[in-house]
file structure.pdb (PDB, C-alpha atoms)
ATOM      1  CA  MET U   1      86.059 123.644 119.374
ATOM      2  CA  GLU U   2      84.333 126.161 117.122
ATOM      3  CA  TYR U   3      81.078 125.463 115.303
ATOM      4  CA  THR U   4      79.058 126.763 112.381
ATOM      5  CA  THR U   5      75.903 125.884 110.447
ATOM      6  CA  LEU U   6      76.400 123.649 107.408
ATOM      7  CA  GLY U   7      74.860 125.757 104.677
ATOM      8  CA  LYS U   8      71.067 125.666 104.733
ATOM      9  CA  THR U   9      70.910 122.172 106.229
ATOM     10  CA  GLY U  10      70.402 123.490 109.753
ATOM     11  CA  LEU U  11      73.088 121.079 110.990
ATOM     12  CA  THR U  12      75.502 122.519 113.554
ATOM     13  CA  VAL U  13      78.976 121.250 112.710
ATOM     14  CA  SER U  14      82.448 121.557 114.176
ATOM     15  CA  ARG U  15      84.887 123.566 112.084
ATOM     16  CA  MET U  16      87.236 120.585 112.200
ATOM     17  CA  GLY U  17      85.890 117.349 110.811
ATOM     18  CA  MET U  18      87.260 113.865 111.453
ATOM     19  CA  GLY U  19      88.154 112.481 108.029
ATOM     20  CA  CYS U  20      88.205 108.685 108.102
ATOM     21  CA  GLY U  21      89.719 108.117 104.663
ATOM     22  CA  GLY U  22      92.793 109.588 103.013
ATOM     23  CA  HIS U  23      96.126 107.809 103.097
ATOM     24  CA  SER U  24      95.784 106.778 106.742
ATOM     25  CA  ARG U  25      92.158 105.576 107.026
ATOM     26  CA  LEU U  26      92.376 106.118 110.804
ATOM     27  CA  GLY U  27      95.590 104.109 110.853
ATOM     28  CA  LEU U  28      94.145 100.997 109.183
ATOM     29  CA  THR U  29      96.471 101.490 106.217
ATOM     30  CA  ASN U  30      99.471 101.032 108.521
ATOM     31  CA  GLY U  31      98.232  97.939 110.315
ATOM     32  CA  GLY U  32      95.820  99.460 112.801
ATOM     33  CA  THR U  33      92.753  97.627 114.051
ATOM     34  CA  ASN U  34      89.122  98.673 114.177
ATOM     35  CA  GLU U  35      89.568  99.282 117.900
ATOM     36  CA  SER U  36      92.585 101.567 117.413
ATOM     37  CA  ALA U  37      90.759 103.365 114.604
ATOM     38  CA  ALA U  38      87.716 103.803 116.843
ATOM     39  CA  ASN U  39      89.992 105.299 119.497
ATOM     40  CA  ILE U  40      91.045 108.025 117.039
ATOM     41  CA  VAL U  41      87.398 108.919 116.430
ATOM     42  CA  ARG U  42      86.692 108.904 120.173
ATOM     43  CA  ALA U  43      89.646 111.249 120.715
ATOM     44  CA  ALA U  44      88.227 113.609 118.091
ATOM     45  CA  ILE U  45      84.827 113.576 119.825
ATOM     46  CA  ASP U  46      86.575 114.336 123.128
ATOM     47  CA  LEU U  47      88.117 117.402 121.440
ATOM     48  CA  GLY U  48      84.636 118.629 120.532
ATOM     49  CA  VAL U  49      84.568 117.369 116.953
ATOM     50  CA  ASN U  50      81.018 116.386 116.038
ATOM     51  CA  PHE U  51      81.420 116.021 112.248
ATOM     52  CA  ILE U  52      82.665 112.571 111.253
ATOM     53  CA  ASP U  53      83.166 111.726 107.585
ATOM     54  CA  THR U  54      83.593 108.195 106.307
ATOM     55  CA  ALA U  55      82.671 106.187 103.190
ATOM     56  CA  GLU U  56      81.806 102.659 102.163
ATOM     57  CA  SER U  57      85.060 102.457 100.176
ATOM     58  CA  TYR U  58      87.274 103.546 103.098
ATOM     59  CA  GLY U  59      86.527 100.458 105.142
ATOM     60  CA  THR U  60      86.159 102.590 108.276
ATOM     61  CA  GLU U  61      82.387 102.642 108.760
ATOM     62  CA  GLU U  62      82.539  99.807 111.307
ATOM     63  CA  ALA U  63      85.233 101.622 113.294
ATOM     64  CA  VAL U  64      83.112 104.761 113.293
ATOM     65  CA  GLY U  65      80.107 102.731 114.409
ATOM     66  CA  GLU U  66      82.131 101.316 117.286
ATOM     67  CA  ALA U  67      83.375 104.786 118.263
ATOM     68  CA  ILE U  68      79.957 106.449 118.314
ATOM     69  CA  SER U  69      78.188 103.648 120.160
ATOM     70  CA  GLY U  70      76.901 105.137 123.371
ATOM     71  CA  VAL U  71      77.233 108.756 122.220
ATOM     72  CA  PRO U  72      73.837 110.490 121.959
ATOM     73  CA  ARG U  73      73.124 110.375 118.240
ATOM     74  CA  GLU U  74      71.795 113.932 118.101
ATOM     75  CA  LYS U  75      75.182 115.237 119.241
ATOM     76  CA  LEU U  76      76.921 113.921 116.119
ATOM     77  CA  VAL U  77      76.799 114.709 112.408
ATOM     78  CA  ILE U  78      77.693 111.580 110.463
ATOM     79  CA  SER U  79      78.644 111.766 106.793
ATOM     80  CA  THR U  80      79.222 108.775 104.549
ATOM     81  CA  LYS U  81      79.447 108.144 100.817
ATOM     82  CA  ILE U  82      78.604 105.697  98.061
ATOM     83  CA  GLY U  83      80.643 105.300  94.880
ATOM     84  CA  GLY U  84      79.828 103.732  91.539
ATOM     85  CA  SER U  85      79.227 105.393  88.198
ATOM     86  CA  ASP U  86      76.379 103.097  87.131
ATOM     87  CA  LEU U  87      74.493 102.590  90.398
ATOM     88  CA  SER U  88      70.807 101.882  90.039
ATOM     89  CA  PRO U  89      68.286 103.406  92.448
ATOM     90  CA  SER U  90      67.741 100.030  94.110
ATOM     91  CA  GLU U  91      71.486  99.455  94.499
ATOM     92  CA  LEU U  92      71.887 102.880  96.098
ATOM     93  CA  ARG U  93      69.191 102.052  98.631
ATOM     94  CA  GLU U  94      70.672  98.631  99.352
ATOM     95  CA  ARG U  95      74.143  99.994  99.904
ATOM     96  CA  LEU U  96      72.873 102.773 102.164
ATOM     97  CA  GLU U  97      71.310 100.064 104.330
ATOM     98  CA  GLY U  98      74.724  98.394 104.510
ATOM     99  CA  SER U  99      76.317 101.656 105.648
ATOM    100  CA  LEU U 100      73.629 102.127 108.284
ATOM    101  CA  ARG U 101      74.278  98.623 109.653
ATOM    102  CA  ARG U 102      78.019  99.171 109.832
ATOM    103  CA  LEU U 103      77.574 102.567 111.468
ATOM    104  CA  GLY U 104      75.007 101.255 113.927
ATOM    105  CA  THR U 105      72.529 104.042 113.226
ATOM    106  CA  ASP U 106      69.162 104.349 111.523
ATOM    107  CA  TYR U 107      70.033 107.495 109.563
ATOM    108  CA  VAL U 108      73.027 109.439 108.293
ATOM    109  CA  ASP U 109      73.151 113.195 108.346
ATOM    110  CA  VAL U 110      74.900 113.637 104.990
ATOM    111  CA  TYR U 111      74.918 110.969 102.276
ATOM    112  CA  HIS U 112      77.193 111.706  99.321
ATOM    113  CA  LEU U 113      77.651 110.368  95.853
ATOM    114  CA  HIS U 114      81.380 109.758  96.023
ATOM    115  CA  GLY U 115      84.112 110.992  93.665
ATOM    116  CA  VAL U 116      81.798 111.824  90.778
ATOM    117  CA  THR U 117      83.521 112.744  87.498
ATOM    118  CA  LEU U 118      82.211 115.028  84.780
ATOM    119  CA  ASP U 119      81.240 112.044  82.611
ATOM    120  CA  GLU U 120      79.384 110.413  85.510
ATOM    121  CA  TYR U 121      77.533 113.537  86.561
ATOM    122  CA  PRO U 122      74.458 113.239  84.274
ATOM    123  CA  HIS U 123      73.627 109.843  85.837
ATOM    124  CA  ALA U 124      74.204 111.270  89.317
ATOM    125  CA  LEU U 125      71.923 114.209  88.613
ATOM    126  CA  ASN U 126      69.128 112.554  86.658
ATOM    127  CA  VAL U 127      68.980 109.053  88.139
ATOM    128  CA  LEU U 128      70.446 109.163  91.647
ATOM    129  CA  SER U 129      69.738 112.618  93.053
ATOM    130  CA  PRO U 130      65.940 111.999  93.012
ATOM    131  CA  VAL U 131      66.546 108.880  95.125
ATOM    132  CA  LEU U 132      68.551 110.903  97.636
ATOM    133  CA  HIS U 133      65.712 113.350  97.992
ATOM    134  CA  ASP U 134      63.254 110.483  98.484
ATOM    135  CA  LEU U 135      65.550 109.145 101.223
ATOM    136  CA  LYS U 136      65.454 112.572 102.881
ATOM    137  CA  ALA U 137      61.665 112.472 102.898
ATOM    138  CA  GLU U 138      61.820 108.978 104.451
ATOM    139  CA  GLY U 139      64.202 110.100 107.225
ATOM    140  CA  LYS U 140      67.046 107.818 106.117
ATOM    141  CA  ILE U 141      69.299 110.780 105.368
ATOM    142  CA  ARG U 142      69.142 114.447 106.316
ATOM    143  CA  ALA U 143      71.131 116.012 103.467
ATOM    144  CA  ALA U 144      72.086 115.000  99.917
ATOM    145  CA  GLY U 145      75.738 115.500  99.042
ATOM    146  CA  ILE U 146      78.215 115.054  96.215
ATOM    147  CA  THR U 147      82.012 114.909  96.256
ATOM    148  CA  GLU U 148      84.406 115.557  93.420
ATOM    149  CA  ALA U 149      87.310 113.427  92.197
ATOM    150  CA  PHE U 150      89.899 116.099  92.960
ATOM    151  CA  ILE U 151      93.045 114.213  91.915
ATOM    152  CA  PRO U 152      91.997 113.703  88.263
ATOM    153  CA  ASP U 153      89.840 116.860  88.250
ATOM    154  CA  PRO U 154      91.810 119.575  90.082
ATOM    155  CA  GLY U 155      90.068 122.275  88.062
ATOM    156  CA  HIS U 156      86.595 121.307  89.382
ATOM    157  CA  SER U 157      85.010 120.665  85.984
ATOM    158  CA  MET U 158      82.269 118.522  87.541
ATOM    159  CA  LEU U 159      81.616 120.404  90.763
ATOM    160  CA  SER U 160      81.626 123.882  89.232
ATOM    161  CA  GLY U 161      78.592 122.842  87.209
ATOM    162  CA  ALA U 162      76.936 120.747  89.900
ATOM    163  CA  VAL U 163      76.696 123.587  92.420
ATOM    164  CA  ALA U 164      74.515 125.528  89.990
ATOM    165  CA  ASP U 165      71.900 122.764  89.691
ATOM    166  CA  GLY U 166      70.087 123.377  92.974
ATOM    167  CA  VAL U 167      69.824 119.713  94.042
ATOM    168  CA  TRP U 168      72.809 119.311  96.379
ATOM    169  CA  ASP U 169      72.616 120.310 100.030
ATOM    170  CA  VAL U 170      76.317 119.686 100.714
ATOM    171  CA  VAL U 171      79.431 119.357  98.559
ATOM    172  CA  MET U 172      82.955 118.190  99.313
ATOM    173  CA  VAL U 173      85.566 120.222  97.465
ATOM    174  CA  GLY U 174      89.315 120.004  97.111
ATOM    175  CA  PHE U 175      91.011 123.193  98.295
ATOM    176  CA  ASN U 176      94.434 124.015  99.690
ATOM    177  CA  LEU U 177      97.010 126.765  99.594
ATOM    178  CA  LEU U 178      98.575 125.217  96.463
ATOM    179  CA  ASN U 179      95.330 125.041  94.466
ATOM    180  CA  GLN U 180      92.844 127.763  95.364
ATOM    181  CA  SER U 181      90.839 127.566  92.133
ATOM    182  CA  ALA U 182      87.671 126.485  93.976
ATOM    183  CA  ARG U 183      87.409 129.997  95.423
ATOM    184  CA  ALA U 184      86.032 131.417  92.169
ATOM    185  CA  ARG U 185      84.720 128.241  90.537
ATOM    186  CA  VAL U 186      82.825 126.620  93.432
ATOM    187  CA  LEU U 187      82.757 128.648  96.654
ATOM    188  CA  SER U 188      81.381 131.780  95.056
ATOM    189  CA  VAL U 189      78.284 129.763  94.125
ATOM    190  CA  THR U 190      77.940 127.702  97.308
ATOM    191  CA  GLN U 191      77.953 130.850  99.424
ATOM    192  CA  ASP U 192      75.296 132.442  97.249
ATOM    193  CA  LYS U 193      73.066 129.343  97.311
ATOM    194  CA  GLY U 194      73.649 128.281 100.921
ATOM    195  CA  ILE U 195      75.236 124.942 100.003
ATOM    196  CA  GLY U 196      77.220 123.367 102.850
ATOM    197  CA  THR U 197      80.904 122.911 102.028
ATOM    198  CA  LEU U 198      83.405 120.359 103.288
ATOM    199  CA  CYS U 199      87.097 120.928 102.542
ATOM    200  CA  MET U 200      89.264 117.952 101.621
ATOM    201  CA  PHE U 201      92.971 117.925 100.696
ATOM    202  CA  ALA U 202      93.865 120.794 103.043
ATOM    203  CA  VAL U 203      97.072 118.841 103.712
ATOM    204  CA  ARG U 204      98.270 116.003 101.533
ATOM    205  CA  ARG U 205     101.636 114.631 100.440
ATOM    206  CA  ALA U 206     103.069 117.806  98.902
ATOM    207  CA  LEU U 207     102.430 119.767 102.092
ATOM    208  CA  SER U 208     103.868 117.128 104.402
ATOM    209  CA  GLN U 209     106.870 115.809 102.430
ATOM    210  CA  PRO U 210     109.547 118.392 101.483
ATOM    211  CA  ALA U 211     110.824 116.478  98.441
ATOM    212  CA  ALA U 212     107.305 116.134  97.043
ATOM    213  CA  LEU U 213     106.696 119.857  97.557
ATOM    214  CA  GLU U 214     109.902 120.848  95.771
ATOM    215  CA  ALA U 215     109.024 118.609  92.818
ATOM    216  CA  LEU U 216     105.509 119.993  92.604
ATOM    217  CA  ILE U 217     106.663 123.618  92.712
ATOM    218  CA  ALA U 218     109.181 122.872  89.954
ATOM    219  CA  GLU U 219     106.340 121.413  87.873
ATOM    220  CA  LEU U 220     104.174 124.490  88.418
ATOM    221  CA  VAL U 221     107.026 126.814  87.455
ATOM    222  CA  ALA U 222     107.710 124.739  84.337
ATOM    223  CA  ASN U 223     104.086 124.939  83.176
ATOM    224  CA  GLY U 224     103.835 128.658  83.925
ATOM    225  CA  GLN U 225     101.300 128.488  86.747
ATOM    226  CA  VAL U 226     103.806 129.799  89.301
ATOM    227  CA  SER U 227     106.180 132.579  88.304
ATOM    228  CA  SER U 228     109.860 131.746  88.158
ATOM    229  CA  GLY U 229     111.570 133.370  91.121
ATOM    230  CA  ALA U 230     108.383 133.643  93.184
ATOM    231  CA  LEU U 231     109.645 130.937  95.529
ATOM    232  CA  TYR U 232     112.990 129.407  96.413
ATOM    233  CA  THR U 233     113.801 126.159  94.643
ATOM    234  CA  ARG U 234     114.700 124.542  97.952
ATOM    235  CA  ASN U 235     112.259 124.753 100.876
ATOM    236  CA  PRO U 236     109.888 126.926  98.802
ATOM    237  CA  LEU U 237     107.298 127.520 101.558
ATOM    238  CA  ASP U 238     109.671 128.191 104.429
ATOM    239  CA  PHE U 239     108.656 131.861 104.332
ATOM    240  CA  LEU U 240     105.513 130.685 106.158
ATOM    241  CA  LEU U 241     107.677 130.008 109.202
ATOM    242  CA  ASP U 242     109.467 133.367 109.200
ATOM    243  CA  GLY U 243     108.729 135.497 112.202
ATOM    244  CA  GLY U 244     106.573 132.821 113.743
ATOM    245  CA  ALA U 245     103.704 133.219 111.252
ATOM    246  CA  ALA U 246     103.134 129.451 111.532
ATOM    247  CA  THR U 247     104.687 126.618 113.501
ATOM    248  CA  SER U 248     104.933 124.331 110.458
ATOM    249  CA  ILE U 249     103.877 124.105 106.811
ATOM    250  CA  GLN U 250     100.971 121.897 107.900
ATOM    251  CA  ASP U 251      99.906 124.426 110.536
ATOM    252  CA  ALA U 252      99.870 127.172 107.899
ATOM    253  CA  ALA U 253      97.970 124.964 105.463
ATOM    254  CA  TYR U 254      95.159 124.176 107.899
ATOM    255  CA  ARG U 255      94.845 127.797 108.994
ATOM    256  CA  PHE U 256      94.764 128.976 105.374
ATOM    257  CA  CYS U 257      91.758 126.729 104.707
ATOM    258  CA  ARG U 258      90.043 127.351 108.038
ATOM    259  CA  TYR U 259      89.575 131.035 107.315
ATOM    260  CA  GLU U 260      88.650 130.731 103.641
ATOM    261  CA  PRO U 261      85.154 132.218 103.220
ATOM    262  CA  GLY U 262      82.693 129.541 102.190
ATOM    263  CA  LEU U 263      84.456 126.534 103.717
ATOM    264  CA  ASP U 264      82.366 125.226 106.615
ATOM    265  CA  VAL U 265      84.293 122.137 107.766
ATOM    266  CA  ILE U 266      87.997 121.407 107.316
ATOM    267  CA  LEU U 267      88.571 117.661 107.231
ATOM    268  CA  VAL U 268      91.670 116.207 108.861
ATOM    269  CA  GLY U 269      92.810 112.620 108.631
ATOM    270  CA  THR U 270      95.259 110.748 110.844
ATOM    271  CA  GLY U 271      95.897 107.514 112.666
ATOM    272  CA  ASN U 272      97.721 109.206 115.539
ATOM    273  CA  VAL U 273      96.096 110.974 118.485
ATOM    274  CA  ASP U 274      98.998 113.377 119.028
ATOM    275  CA  HIS U 275      98.803 114.382 115.358
ATOM    276  CA  LEU U 276      95.047 114.848 115.735
ATOM    277  CA  VAL U 277      95.584 117.216 118.678
ATOM    278  CA  GLU U 278      98.138 119.239 116.688
ATOM    279  CA  ASN U 279      95.696 119.542 113.797
ATOM    280  CA  ALA U 280      93.007 120.797 116.163
ATOM    281  CA  LYS U 281      95.395 123.415 117.560
ATOM    282  CA  SER U 282      96.048 124.676 114.037
ATOM    283  CA  ILE U 283      92.390 124.903 113.097
ATOM    284  CA  LEU U 284      91.638 126.761 116.321
ATOM    285  CA  SER U 285      94.551 129.177 115.846
ATOM    286  CA  PRO U 286      94.123 132.719 114.482
ATOM    287  CA  PRO U 287      94.317 133.430 110.741
ATOM    288  CA  LEU U 288      97.699 133.714 109.098
ATOM    289  CA  PRO U 289      99.074 137.271 109.028
ATOM    290  CA  ALA U 290      97.434 139.233 106.228
ATOM    291  CA  GLU U 291     100.673 139.749 104.324
ATOM    292  CA  VAL U 292     101.422 136.004 104.383
ATOM    293  CA  HIS U 293      97.927 135.140 103.208
ATOM    294  CA  GLU U 294      98.160 137.704 100.417
ATOM    295  CA  GLN U 295     101.489 136.274  99.282
ATOM    296  CA  LEU U 296     100.012 132.768  99.086
ATOM    297  CA  VAL U 297      97.082 134.027  97.034
ATOM    298  CA  ARG U 298      99.379 135.972  94.723
ATOM    299  CA  VAL U 299     101.869 133.142  94.160
ATOM    300  CA  PHE U 300      99.309 130.392  93.516
ATOM    301  CA  GLU U 301      96.418 132.321  91.957
ATOM    302  CA  ARG U 302      96.842 130.652  88.529
ATOM    303  CA  VAL U 303      97.162 127.063  89.783
ATOM    304  CA  ASP U 304      94.395 124.614  88.857
ATOM    305  CA  SER U 305      96.344 121.576  87.639
ATOM    306  CA  VAL U 306      97.421 119.824  90.858
ATOM    307  CA  SER U 307      95.696 118.466  93.950
ATOM    308  CA  GLY U 308      98.713 118.471  96.256
ATOM    309  CA  ASN U 309      98.400 114.722  96.738
TER     310      ASN U 309
END
call {"tool": "encode", "arguments": {"input": "structure.pdb", "output": "structure tokens"}}
result
Amino acid sequence: MEYTTLGKTGLTVSRMGMGCGGHSRLGLTNGGTNESAANIVRAAIDLGVNFIDTAESYGTEEAVGEAISGVPREKLVISTKIGGSDLSPSELRERLEGSLRRLGTDYVDVYHLHGVTLDEYPHALNVLSPVLHDLKAEGKIRAAGITEAFIPDPGHSMLSGAVADGVWDVVMVGFNLLNQSARARVLSVTQDKGIGTLCMFAVRRALSQPAALEALIAELVANGQVSSGALYTRNPLDFLLDGGAATSIQDAAYRFCRYEPGLDVILVGTGNVDHLVENAKSILSPPLPAEVHEQLVRVFERVDSVSGN
């Protein structure tokens, strides 16, 4: 596994992060148990992954707690999140305590306000961020984070403003080869300010289901964000496989994000150990050939209306 420092937090993190939400929720969505979910997290730790991201709303904190029991706490970087647009300071503290109990730890490394929209941001900034910084001083958390609601806000209207405010240690941003708009709107600022960045949505439905991809590309052509004729109507990203540039669309997608300047951790989510191993191979593979990367940037440079979900 490869590692980096998460912005100015001083936390050493694996380039691949174990995402415990998404469609799979460590397999719980498809009938898995806490034990089977914990086994996925243990497999990630065995691969060298030390960054584990969960959330109260995912229902996977207990599985993570089971998986990390017995692992020296200082070897792991645990991230969790709290949602709610009208949380009070006391409610935030109470719900953090619930997360700590489920995780079986007395602190979390990164505690995020979860899926904050543009309308919710003033409350997050003025009411809740001071509480997060108090919790840092108390040793309950090590870094204050915020995540965007990428599906309804694929143009980063909330996060592009939040990164300029100087109160967030870590952000979670939606970025993938289909929507690269965070490069200019978010990552240019996070790199300048030393804000740690976590990448979500590197691979979602459109990059794993051919029919969904074809429909999405047709939508982007229709609204003028992708030029007509830039891609084939059928199998529009198969050029990524030509000449062995990538082993699959998903492989290309993870490698595209892994080498994007400013992205510290690429989150992957799965309920299958074999799939987890394949994802790790992709993230540890070399960058895509320069000409392939340049073509992806050129084709999708105007896209900011879709998440790829």
call {"tool": "closest_residue", "arguments": {"input": "structure.pdb", "among": "U:Ser85, U:Tyr121, U:Val306, U:Arg93", "to": "U:Pro152", "atoms": "only C-alpha atoms"}}
result
U:Val306
call {"tool": "residues_around", "arguments": {"input": "structure.pdb", "residues": "U:Gly17", "least_positions_apart": "4", "cutoff": "12 Å", "atoms": "all atoms listed in the file", "output": "PyMOL selection string"}}
result
chain U and resi 1-4+6+12-13+21+41+44-45+47-54+76-79+172+197-200+202+254+258+263-270+276+279-280+283
call {"tool": "atom_distance", "arguments": {"input": "structure.pdb", "atom1": "atom CA of U:Leu28", "atom2": "atom CA of U:Leu177"}}
result
27.6 Å
call {"tool": "resolve_selection", "arguments": {"input": "structure.pdb", "expression": "the PyMOL selection byres ((chain U and resi 99) around 12)", "output": "VMD selection string"}}
result
chain U and resid 54 to 65 78 to 82 92 to 98 100 to 108 111 to 112 140 to 141
call {"tool": "closest_residue", "arguments": {"input": "structure.pdb", "among": "U:Val163, U:Met18, U:Val226, U:Ile249", "to": "U:Ser208", "atoms": "only C-alpha atoms"}}
result
U:Ile249
call {"tool": "closest_residue", "arguments": {"input": "structure.pdb", "among": "U:Leu296, U:Ile195, U:Val303, U:Leu288", "to": "U:Gln225", "atoms": "only C-alpha atoms"}}
result
U:Val303
call {"tool": "atom_distance", "arguments": {"input": "structure.pdb", "atom1": "atom CA of U:Asp274", "atom2": "atom CA of U:Pro286"}}
result
20.5 Å
call {"tool": "residues_around", "arguments": {"input": "structure.pdb", "residues": "U:Thr247", "least_positions_apart": "6", "cutoff": "9 Å", "atoms": "only C-alpha atoms", "output": "number ranges by chain"}}
result
U: 240-241, 282
call {"tool": "closest_residue", "arguments": {"input": "structure.pdb", "among": "U:Ala290, U:Ala246, U:Leu128, U:Leu231", "to": "U:Ser88", "atoms": "all atoms listed in the file"}}
result
U:Leu128
call {"tool": "residues_around", "arguments": {"input": "structure.pdb", "residues": "U:Trp168", "least_positions_apart": "5", "cutoff": "9 Å", "atoms": "only C-alpha atoms", "output": "CSV table (one decimal) with C-alpha atoms, in the coordinates of the input"}}
result
chain,number,residue,atom,x,y,z
U,129,SER,CA,69.7,112.6,93.1
U,143,ALA,CA,71.1,116.0,103.5
U,144,ALA,CA,72.1,115.0,99.9
U,145,GLY,CA,75.7,115.5,99.0
U,146,ILE,CA,78.2,115.1,96.2
U,162,ALA,CA,76.9,120.7,89.9
U,163,VAL,CA,76.7,123.6,92.4
U,195,ILE,CA,75.2,124.9,100.0
U,196,GLY,CA,77.2,123.4,102.8
call {"tool": "residues_around", "arguments": {"input": "structure.pdb", "residues": "U:Gly84", "least_positions_apart": "5", "cutoff": "10 Å", "atoms": "all atoms listed in the file", "output": "ChimeraX atom specification"}}
result
/U:91-92,113-116,120,124
call {"tool": "residues_near_point", "arguments": {"input": "structure.pdb", "point": "(85.4, 105.1, 124.0)", "cutoff": "12 Å", "atoms": "only C-alpha atoms", "output": "list in words"}}
result
Glu35, Ser36, Ala37, Ala38, Asn39, Ile40, Val41, Arg42, Ala43, Ala44, Ile45, Asp46, Ala63, Val64, Gly65, Glu66, Ala67, Ile68, Ser69, Gly70 and Val71 of chain U
call {"tool": "residues_around", "arguments": {"input": "structure.pdb", "residues": "U:Ser160", "least_positions_apart": "6", "cutoff": "12 Å", "atoms": "only C-alpha atoms", "output": "JSON, numbers by chain"}}
result
{"U": [117, 118, 121, 146, 147, 148, 150, 153, 154, 171, 172, 173, 174, 181, 182, 183, 184, 185, 186, 187, 188, 189, 190]}
call {"tool": "closest_residue", "arguments": {"input": "structure.pdb", "among": "U:Ala253, U:Leu284, U:Val292, U:Leu132", "to": "U:Ser14", "atoms": "only C-alpha atoms"}}
result
U:Leu284
call {"tool": "atom_distance", "arguments": {"input": "structure.pdb", "atom1": "atom CA of U:Pro236", "atom2": "atom CA of U:Arg204"}}
result
16.2 Å
call {"tool": "closest_residue", "arguments": {"input": "structure.pdb", "among": "U:Gly308, U:Pro289, U:Pro261, U:Gly166", "to": "U:Leu220", "atoms": "all atoms listed in the file"}}
result
U:Gly308
call {"tool": "axis_aligned_box", "arguments": {"input": "structure.pdb", "around": "stretch 31-46 of chain U", "padding_each_side": "5 Å", "output": "lines of an AutoDock Vina configuration file"}}
result
center_x = 91.5
center_y = 106.0
center_z = 116.7
size_x = 23.4
size_y = 26.7
size_z = 22.8
call {"tool": "resolve_selection", "arguments": {"input": "structure.pdb", "expression": "the PyMOL selection byres ((chain U and resi 205) around 12)", "output": "short mmCIF file (atom, residue, chain, number, x, y, z; two decimals) with C-alpha atoms, in the coordinates of the input"}}
result
data_model
loop_
_atom_site.label_atom_id
_atom_site.label_comp_id
_atom_site.auth_asym_id
_atom_site.auth_seq_id
_atom_site.Cartn_x
_atom_site.Cartn_y
_atom_site.Cartn_z
CA GLY U 22 92.79 109.59 103.01
CA HIS U 23 96.13 107.81 103.10
CA SER U 24 95.78 106.78 106.74
CA ASN U 176 94.43 124.02 99.69
CA LEU U 178 98.58 125.22 96.46
CA PHE U 201 92.97 117.92 100.70
CA ALA U 202 93.86 120.79 103.04
CA VAL U 203 97.07 118.84 103.71
CA ARG U 204 98.27 116.00 101.53
CA ALA U 206 103.07 117.81 98.90
CA LEU U 207 102.43 119.77 102.09
CA SER U 208 103.87 117.13 104.40
CA GLN U 209 106.87 115.81 102.43
CA PRO U 210 109.55 118.39 101.48
CA ALA U 211 110.82 116.48 98.44
CA ALA U 212 107.30 116.13 97.04
CA LEU U 213 106.70 119.86 97.56
CA GLU U 214 109.90 120.85 95.77
CA ALA U 215 109.02 118.61 92.82
CA LEU U 216 105.51 119.99 92.60
CA ILE U 249 103.88 124.10 106.81
CA GLN U 250 100.97 121.90 107.90
CA VAL U 306 97.42 119.82 90.86
CA SER U 307 95.70 118.47 93.95
CA GLY U 308 98.71 118.47 96.26
CA ASN U 309 98.40 114.72 96.74
#
call {"tool": "decode", "arguments": {"input": "structure.pdb", "residues": "stretch 243-251 of chain U", "atoms": "N, CA, C and O atoms", "output": "compact mmCIF listing (two decimals), in the first residue's frame"}}
result
# COMPACT_ATOMS: atom_id res chain seq x y z
N GLY U 243 -5.28 -1.24 -26.46
CA GLY U 243 -3.85 -1.33 -26.25
C GLY U 243 -3.44 -1.63 -24.83
O GLY U 243 -2.28 -1.44 -24.45
N GLY U 244 -4.39 -2.10 -24.04
CA GLY U 244 -4.07 -2.47 -22.67
C GLY U 244 -3.87 -1.29 -21.74
O GLY U 244 -3.23 -1.44 -20.68
N ALA U 245 -4.41 -0.12 -22.08
CA ALA U 245 -4.27 1.05 -21.20
C ALA U 245 -4.86 0.78 -19.83
O ALA U 245 -4.34 1.24 -18.81
N ALA U 246 -5.96 0.03 -19.78
CA ALA U 246 -6.60 -0.36 -18.52
C ALA U 246 -7.21 -1.73 -18.70
O ALA U 246 -7.51 -2.16 -19.82
N THR U 247 -7.41 -2.43 -17.60
CA THR U 247 -7.99 -3.77 -17.67
C THR U 247 -9.51 -3.73 -17.68
O THR U 247 -10.15 -4.71 -18.06
N SER U 248 -10.10 -2.62 -17.25
CA SER U 248 -11.55 -2.46 -17.23
C SER U 248 -11.86 -0.98 -17.08
O SER U 248 -10.97 -0.17 -16.78
N ILE U 249 -13.11 -0.61 -17.29
CA ILE U 249 -13.53 0.78 -17.08
C ILE U 249 -13.30 1.17 -15.63
O ILE U 249 -12.82 2.27 -15.32
N GLN U 250 -13.60 0.25 -14.70
CA GLN U 250 -13.43 0.55 -13.28
C GLN U 250 -11.95 0.75 -12.93
O GLN U 250 -11.60 1.63 -12.15
N ASP U 251 -11.10 -0.08 -13.52
CA ASP U 251 -9.66 0.06 -13.31
C ASP U 251 -9.20 1.45 -13.76
O ASP U 251 -8.47 2.15 -13.04
